[in-house]
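Colleague: Can you read through this structure? Questions will come right after.
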Amino acid sequence: MLRKCFALPLLTAVAMAQPMVVKTTTLIDGKGRVLRNQEITIEGGRIMRIADAKQKPTIDLSGLTVMPGWIDTHVHLGWYFNKEGRYDPGGPDSKTTPQQDALYSATNAYATLMGGFTTVQCLGQPIEGEIRGLVEAGALPGPRVLTSLRAVTETTGTPGEIRAYVDKMKTDGADVIKLFATASIRDGGKMTMTVDQINATCGEARKLGLRGVVHAHSSDAARAAIEAGCTSIEHGTFLDDATLQLIASRGAFFDPNFLVLHNYLDNKPKFLGIGNYTEEGFAYMEKALPLVADVLKRARKQHVKVVLGTDAVAGSHGRNAEEFVYRVKDGGDKPMDVLMSGTSVAAESLGMSDKIGVGQDRCAGGGHGGRPGGHRAKSTRRHHSRPPRGLRDEARQDLQEYAVTPAVDEMAASTLTSKGQVTIPQEIREALAASQGSAARLPRGHAGPVDCRATHAGRAEVEGVGSLFAEAAAVAC
Ligand SMILES: [Zn+2]
């Protein structure tokens, strides 16, 4: 049967651009469904159609698992290790020039994109606004950036001063308001802002139509922030069940993070001795790991909307996908649940469900909650955890843990090594390693994001990572 898909009149011009057909073997739609042997037709940078593969493909991704570009809801693109291999927070003792600072940040954006992430929420340094602008202009290869530019803390001032500060953030172009309602985990994570300060921050953000994203480890702070209308709790190491229930009942989001703690512990010598990166601080972080696993499991039980955020700091950029692995291995997440955290649920948390995070056929009514045809739904029920070809024996064993669906099994084949680490193809890794401390370079033999964007107005496709960086967008059919 022939189906016709009509774009909104406004979009007609872009929709008339030469269509691009991407052939897939396994397509994860970001909403929990697995589609087999489909082709994605992209016109003017928008997914117009997903149907049984029939046409000659422009891009043949047979054998790879394809899914919407991943979304990380919590990163810090401006954090890096300086020439001495140390974390460099800036300030008078900085070993880094402003020029180097900018290039390190650009490199981080590039590494994040090459790691499979097409949208990130940065929480919050001013340079994120510059990166956002350059990526939007097509001048810098990087993921789409949303930013808070700054953050509200207990020292921002009185409630009145906080409201003015939030207004200024909005005027300066912040997409979201970030607040620190508790101390760092390295300082014990206790509530630092008063309830009045939290009310002022979340209330003003809401008034301005901005989301309020809250650094909060403790229940009292998280509770106050959710009651004041903030929309997401970050970290949440010590949250009790009552607070998780409150988050769920308000439709707010929760973002527990493993990678940030592992990254600090893995790179301890590069941080130790700076600010609160003390032995005591590291001990707190080590103790937090099982607590994060526990709170994630409890959050799932309470049906909290969990998003994928890594709190990527120096050393984490480009490794963001390791958060998927930690959440499954340590946090007990089902692979498909964590993939949705990093696609459709993250998109919802950013208020961008109509643009990103979902690969679906706009013509078939998928955009309105419709289900794919019976023949496709059936394919999701096929369970065969055949070990992927070319994988070493110990890796196969690890993969059993992920082999919940054939698709995730295959994704695991392309993204997990025998140690359960995400692997980016060696060439890309080398290029990223070489780019540390200098301007980013495109990996040899791989299409770079700039070329790809020019051709299909999505982003890039990284072999082995298995993300199709083309974007879904709302089109009336
Ligand atoms: Zn953070």
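Residue numbers start at 1 in each chain; chains themselves are named A, B, ... in the order of the structure tokens; ligands are numbered from 1 in the order shown.
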Within 9 Å of ligand 1, which residues of chain A come that close, and what is the closest atom pair and distance in Å for each? Count only C-alpha atoms and all ligand atoms and give it as JSON lines.

Modeller:
```
{"residue": "A:His74", "atom": "CA", "partner": "ligand 1", "partner_atom_place_in_ligand_line": "1 (Zn)", "distance": 6.2}
{"residue": "A:Val75", "atom": "CA", "partner": "ligand 1", "partner_atom_place_in_ligand_line": "1 (Zn)", "distance": 6.2}
{"residue": "A:His76", "atom": "CA", "partner": "ligand 1", "partner_atom_place_in_ligand_line": "1 (Zn)", "distance": 6.5}
{"residue": "A:Cys122", "atom": "CA", "partner": "ligand 1", "partner_atom_place_in_ligand_line": "1 (Zn)", "distance": 8.1}
{"residue": "A:Leu123", "atom": "CA", "partner": "ligand 1", "partner_atom_place_in_ligand_line": "1 (Zn)", "distance": 6.0}
{"residue": "A:Gly124", "atom": "CA", "partner": "ligand 1", "partner_atom_place_in_ligand_line": "1 (Zn)", "distance": 7.9}
{"residue": "A:His215", "atom": "CA", "partner": "ligand 1", "partner_atom_place_in_ligand_line": "1 (Zn)", "distance": 7.4}
{"residue": "A:Glu234", "atom": "CA", "partner": "ligand 1", "partner_atom_place_in_ligand_line": "1 (Zn)", "distance": 8.0}
{"residue": "A:His235", "atom": "CA", "partner": "ligand 1", "partner_atom_place_in_ligand_line": "1 (Zn)", "distance": 8.7}
{"residue": "A:Val260", "atom": "CA", "partner": "ligand 1", "partner_atom_place_in_ligand_line": "1 (Zn)", "distance": 8.6}
{"residue": "A:Thr310", "atom": "CA", "partner": "ligand 1", "partner_atom_place_in_ligand_line": "1 (Zn)", "distance": 8.2}
{"residue": "A:Asp311", "atom": "CA", "partner": "ligand 1", "partner_atom_place_in_ligand_line": "1 (Zn)", "distance": 4.6}
{"residue": "A:Ala312", "atom": "CA", "partner": "ligand 1", "partner_atom_place_in_ligand_line": "1 (Zn)", "distance": 7.1}
{"residue": "A:Val313", "atom": "CA", "partner": "ligand 1", "partner_atom_place_in_ligand_line": "1 (Zn)", "distance": 7.5}
```

Colleague: Grab the residues selected above and save them as an mmCIF file, in the first residue's frame with C-alpha atoms.

Modeller:
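Contents of out12.cif, freshly written:
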```cif
data_model
loop_
_atom_site.group_PDB
_atom_site.id
_atom_site.type_symbol
_atom_site.label_atom_id
_atom_site.label_comp_id
_atom_site.auth_asym_id
_atom_site.auth_seq_id
_atom_site.Cartn_x
_atom_site.Cartn_y
_atom_site.Cartn_z
ATOM 1 C CA HIS A 74 24.098 16.855 32.687
ATOM 2 C CA VAL A 75 27.553 17.729 31.386
ATOM 3 C CA HIS A 76 30.259 20.336 31.911
ATOM 4 C CA CYS A 122 25.362 21.934 30.254
ATOM 5 C CA LEU A 123 24.980 23.074 33.866
ATOM 6 C CA GLY A 124 26.570 25.826 33.882
ATOM 7 C CA HIS A 215 21.864 19.664 42.443
ATOM 8 C CA GLU A 234 20.435 15.677 39.936
ATOM 9 C CA HIS A 235 22.514 13.125 41.901
ATOM 10 C CA VAL A 260 31.153 11.123 37.522
ATOM 11 C CA THR A 310 26.605 11.763 33.469
ATOM 12 C CA ASP A 311 27.733 14.988 35.161
ATOM 13 C CA ALA A 312 30.655 14.727 32.717
ATOM 14 C CA VAL A 313 33.644 16.622 34.081
#
```

Colleague: Among the residues of region 107-330 of chain A, find those DSSP assigns to alpha helix (DSSP H) from the backbone and print them as JSON, numbers by chain.

Modeller: {"A": [107, 108, 109, 110, 111, 112, 113, 114, 127, 128, 129, 130, 131, 132, 133, 134, 135, 136, 159, 160, 161, 162, 163, 164, 165, 166, 167, 168, 169, 170, 171, 195, 196, 197, 198, 199, 200, 201, 202, 203, 204, 205, 206, 207, 219, 220, 221, 222, 223, 224, 225, 226, 227, 241, 242, 243, 244, 245, 246, 247, 248, 249, 259, 260, 261, 262, 263, 264, 265, 266, 268, 269, 270, 271, 279, 280, 281, 282, 283, 284, 285, 286, 287, 288, 289, 290, 291, 292, 293, 294, 295, 296, 297, 298, 299, 300, 301, 322, 323, 324, 325, 326, 327, 328, 329]}

Colleague: If we count only C-alpha atoms and set the cut-off at 10 Å, which residues sit around Thr155 (chain A), ignoring sequence neighbours fewer than 5 positions away in its own chain? Please answer as a ChimeraX atom specification.

Modeller: /A:162,192-193,197

Colleague: Write the residues of the preceding selection, restricted to N, CA and C atoms, as a short mmCIF file (atom, residue, chain, number, x, y, z; two decimals), in the first residue's frame.

Modeller:
```cif
data_model
loop_
_atom_site.label_atom_id
_atom_site.label_comp_id
_atom_site.auth_asym_id
_atom_site.auth_seq_id
_atom_site.Cartn_x
_atom_site.Cartn_y
_atom_site.Cartn_z
N ILE A 162 18.03 36.68 44.42
CA ILE A 162 18.01 35.45 43.60
C ILE A 162 17.07 35.61 42.42
N THR A 192 22.10 23.27 51.65
CA THR A 192 22.83 24.53 51.84
C THR A 192 21.93 25.75 51.62
N MET A 193 21.05 25.68 50.63
CA MET A 193 20.14 26.81 50.40
C MET A 193 18.98 26.72 51.40
N GLN A 197 15.17 30.51 49.74
CA GLN A 197 16.04 30.68 48.56
C GLN A 197 15.63 29.72 47.44
#
```

Colleague: What is the CA of Leu146 (chain A)-CA of Gln121 (chain A) distance in Å, reported with one decimal?

Modeller: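 Pair CA of Leu146 (chain A) / CA of Gln121 (chain A) returns 4.6 Å.
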
Colleague: At a cut-off of 10 Å, using only C-alpha atoms, what residues contact Gly332 (chain A)? Leave out same-chain residues fewer than 4 positions from it and give the result as a list in words.

Modeller: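 So the residues in contact are Ala293, Asp294, Leu296, Lys297, Arg300, Tyr326, Arg327, Val328 and Val338 of chain A.
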
Colleague: Please produce an output containing C-alpha atoms for each residue in the selection, written as a short mmCIF file (atom, residue, chain, number, x, y, z; two decimals), in the first residue's frame.

Modeller:
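Output file selection39.cif follows:
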```cif
data_model
loop_
_atom_site.label_atom_id
_atom_site.label_comp_id
_atom_site.auth_asym_id
_atom_site.auth_seq_id
_atom_site.Cartn_x
_atom_site.Cartn_y
_atom_site.Cartn_z
CA ALA A 293 22.91 2.01 42.78
CA ASP A 294 20.39 1.71 45.58
CA LEU A 296 18.29 4.18 41.20
CA LYS A 297 16.72 0.82 41.98
CA ARG A 300 12.55 2.59 39.29
CA TYR A 326 27.06 1.36 34.94
CA ARG A 327 23.32 1.79 35.22
CA VAL A 328 22.72 -1.70 33.90
CA VAL A 338 18.39 2.92 30.23
#
```

Colleague: Could I get the residues of region 132-167 of chain A with an atom no further than 10 Å from an atom of region 181-187 of chain A, each paired with its nearest atom pair and that distance in Å to one decimal, using only C-alpha atoms, sorted by chain and residue number, as JSON lines?

Modeller:
```
{"residue": "A:Val152", "atom": "CA", "partner": "A:Ala181", "partner_atom": "CA", "distance": 8.6}
{"residue": "A:Thr153", "atom": "CA", "partner": "A:Ala181", "partner_atom": "CA", "distance": 6.9}
{"residue": "A:Glu154", "atom": "CA", "partner": "A:Ala181", "partner_atom": "CA", "distance": 7.4}
```

Colleague: Tell me which of A:Tyr277, A:Phe271, A:Phe324, A:Phe282 sits closest to Leu259 (chain A), counting only C-alpha atoms.

Modeller: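 Once distances to Leu259 (chain A) are computed over only C-alpha atoms, the minimum belongs to A:Phe324.
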
Colleague: Can you pull out every residue within 12 Å of Lys170 (chain A), counting only C-alpha atoms, but drop anything in the same chain fewer than 4 positions away, and send it as an mmCIF file with C-alpha atoms, in the first residue's frame?

Modeller:
```cif
data_model
loop_
_atom_site.group_PDB
_atom_site.id
_atom_site.type_symbol
_atom_site.label_atom_id
_atom_site.label_comp_id
_atom_site.auth_asym_id
_atom_site.auth_seq_id
_atom_site.Cartn_x
_atom_site.Cartn_y
_atom_site.Cartn_z
ATOM 1 C CA THR A 147 22.893 25.650 28.961
ATOM 2 C CA SER A 148 22.250 27.347 32.277
ATOM 3 C CA LEU A 149 25.349 29.554 31.747
ATOM 4 C CA ARG A 150 25.677 29.914 35.536
ATOM 5 C CA ALA A 151 24.158 28.483 38.704
ATOM 6 C CA ARG A 163 14.936 36.361 41.553
ATOM 7 C CA ALA A 164 16.874 39.181 39.900
ATOM 8 C CA TYR A 165 19.786 36.805 39.247
ATOM 9 C CA VAL A 166 17.451 34.261 37.620
ATOM 10 C CA ALA A 174 19.993 30.514 29.685
ATOM 11 C CA ASP A 175 17.835 27.597 28.518
ATOM 12 C CA VAL A 176 17.460 26.239 32.038
ATOM 13 C CA ILE A 177 18.120 27.354 35.635
ATOM 14 C CA LYS A 178 20.613 25.311 37.661
ATOM 15 C CA GLU A 204 11.154 32.569 39.359
ATOM 16 C CA ALA A 205 12.340 29.952 36.850
ATOM 17 C CA ARG A 206 8.782 28.688 36.551
ATOM 18 C CA LYS A 207 7.426 32.193 36.152
ATOM 19 C CA LEU A 208 9.831 32.751 33.271
ATOM 20 C CA GLY A 209 8.913 29.439 31.656
ATOM 21 C CA LEU A 210 12.284 27.872 32.377
ATOM 22 C CA ARG A 211 12.978 24.473 33.852
ATOM 23 C CA GLY A 212 14.724 24.295 37.228
#
```

Colleague: Fewer than 2 positions away in the same chain doesn't count, so skip those; otherwise give me all residues within 10 Å of Glu286 (chain A), counting only C-alpha atoms, as a list in words.

Modeller: Arg186, Leu261, His262, Tyr264, Leu265, Glu280, Gly281, Phe282, Ala283, Tyr284, Ala288, Leu289, Pro290 and Leu291 of chain A

Colleague: Determine, counting only C-alpha atoms, which protein, DNA and RNA residues have an atom within 7 Å of an atom of Ala221 (chain A); residues of the same chain fewer than 3 positions away are not included. Present the result as a ChimeraX atom specification.

Modeller: /A:181-182,191,216,218,224-225

Colleague: Grab the residues selected above and save them as an mmCIF file, in the first residue's frame with N, CA and C atoms.

Modeller:
```cif
data_model
loop_
_atom_site.group_PDB
_atom_site.id
_atom_site.type_symbol
_atom_site.label_atom_id
_atom_site.label_comp_id
_atom_site.auth_asym_id
_atom_site.auth_seq_id
_atom_site.Cartn_x
_atom_site.Cartn_y
_atom_site.Cartn_z
ATOM 1 N N ALA A 181 21.238 23.124 45.680
ATOM 2 C CA ALA A 181 20.453 23.165 46.914
ATOM 3 C C ALA A 181 21.166 22.467 48.063
ATOM 4 N N THR A 182 22.176 21.647 47.731
ATOM 5 C CA THR A 182 22.977 21.001 48.785
ATOM 6 C C THR A 182 24.456 21.172 48.467
ATOM 7 N N MET A 191 21.922 19.972 52.886
ATOM 8 C CA MET A 191 21.178 21.121 52.346
ATOM 9 C C MET A 191 21.916 22.425 52.661
ATOM 10 N N ALA A 216 21.016 18.175 44.175
ATOM 11 C CA ALA A 216 20.528 17.875 45.533
ATOM 12 C C ALA A 216 20.839 16.434 45.895
ATOM 13 N N SER A 218 20.397 15.458 49.308
ATOM 14 C CA SER A 218 19.578 15.115 50.477
ATOM 15 C C SER A 218 18.084 15.247 50.177
ATOM 16 N N ALA A 224 12.037 20.238 48.955
ATOM 17 C CA ALA A 224 11.736 21.677 48.872
ATOM 18 C C ALA A 224 11.748 22.143 47.415
ATOM 19 N N ALA A 225 12.712 21.653 46.648
ATOM 20 C CA ALA A 225 12.848 22.097 45.257
ATOM 21 C C ALA A 225 11.682 21.604 44.398
#
```

Colleague: When DSSP works through the backbone of this structure, what residues of region 135-362 of chain A end up as strand (DSSP E or B), shown as a PyMOL selection string?

Modeller: chain A and resi 144-147+152+176-180+182+191+211-216+232-235+253-255+305-306+312

Colleague: What would the file look like if the residues just selected were written as a PDB file, in the first residue's frame with C-alpha atoms?

Modeller:
```
ATOM      1  CA  ARG A 144      23.263  20.517  20.357  1.00  0.00           C
ATOM      2  CA  VAL A 145      23.817  22.435  23.599  1.00  0.00           C
ATOM      3  CA  LEU A 146      21.333  23.636  26.169  1.00  0.00           C
ATOM      4  CA  THR A 147      22.893  25.650  28.961  1.00  0.00           C
ATOM      5  CA  VAL A 152      22.317  29.750  41.770  1.00  0.00           C
ATOM      6  CA  VAL A 176      17.460  26.239  32.038  1.00  0.00           C
ATOM      7  CA  ILE A 177      18.120  27.354  35.635  1.00  0.00           C
ATOM      8  CA  LYS A 178      20.613  25.311  37.661  1.00  0.00           C
ATOM      9  CA  LEU A 179      20.742  25.553  41.428  1.00  0.00           C
ATOM     10  CA  PHE A 180      22.890  23.967  44.114  1.00  0.00           C
ATOM     11  CA  THR A 182      22.977  21.001  48.785  1.00  0.00           C
ATOM     12  CA  MET A 191      21.178  21.121  52.346  1.00  0.00           C
ATOM     13  CA  ARG A 211      12.978  24.473  33.852  1.00  0.00           C
ATOM     14  CA  GLY A 212      14.724  24.295  37.228  1.00  0.00           C
ATOM     15  CA  VAL A 213      17.411  21.630  37.548  1.00  0.00           C
ATOM     16  CA  VAL A 214      18.596  20.992  41.077  1.00  0.00           C
ATOM     17  CA  HIS A 215      21.864  19.664  42.443  1.00  0.00           C
ATOM     18  CA  ALA A 216      20.528  17.875  45.533  1.00  0.00           C
ATOM     19  CA  SER A 232      14.692  17.696  37.863  1.00  0.00           C
ATOM     20  CA  ILE A 233      16.778  16.370  40.734  1.00  0.00           C
ATOM     21  CA  GLU A 234      20.435  15.677  39.936  1.00  0.00           C
ATOM     22  CA  HIS A 235      22.514  13.125  41.901  1.00  0.00           C
ATOM     23  CA  PHE A 253      12.762  13.824  36.554  1.00  0.00           C
ATOM     24  CA  PHE A 254      15.594  12.157  38.403  1.00  0.00           C
ATOM     25  CA  ASP A 255      19.187  11.893  37.242  1.00  0.00           C
ATOM     26  CA  LYS A 305      11.069   9.284  35.255  1.00  0.00           C
ATOM     27  CA  VAL A 306      14.810   8.623  35.162  1.00  0.00           C
ATOM     28  CA  ALA A 312      30.655  14.727  32.717  1.00  0.00           C
TER      29      ALA A 312
END
```
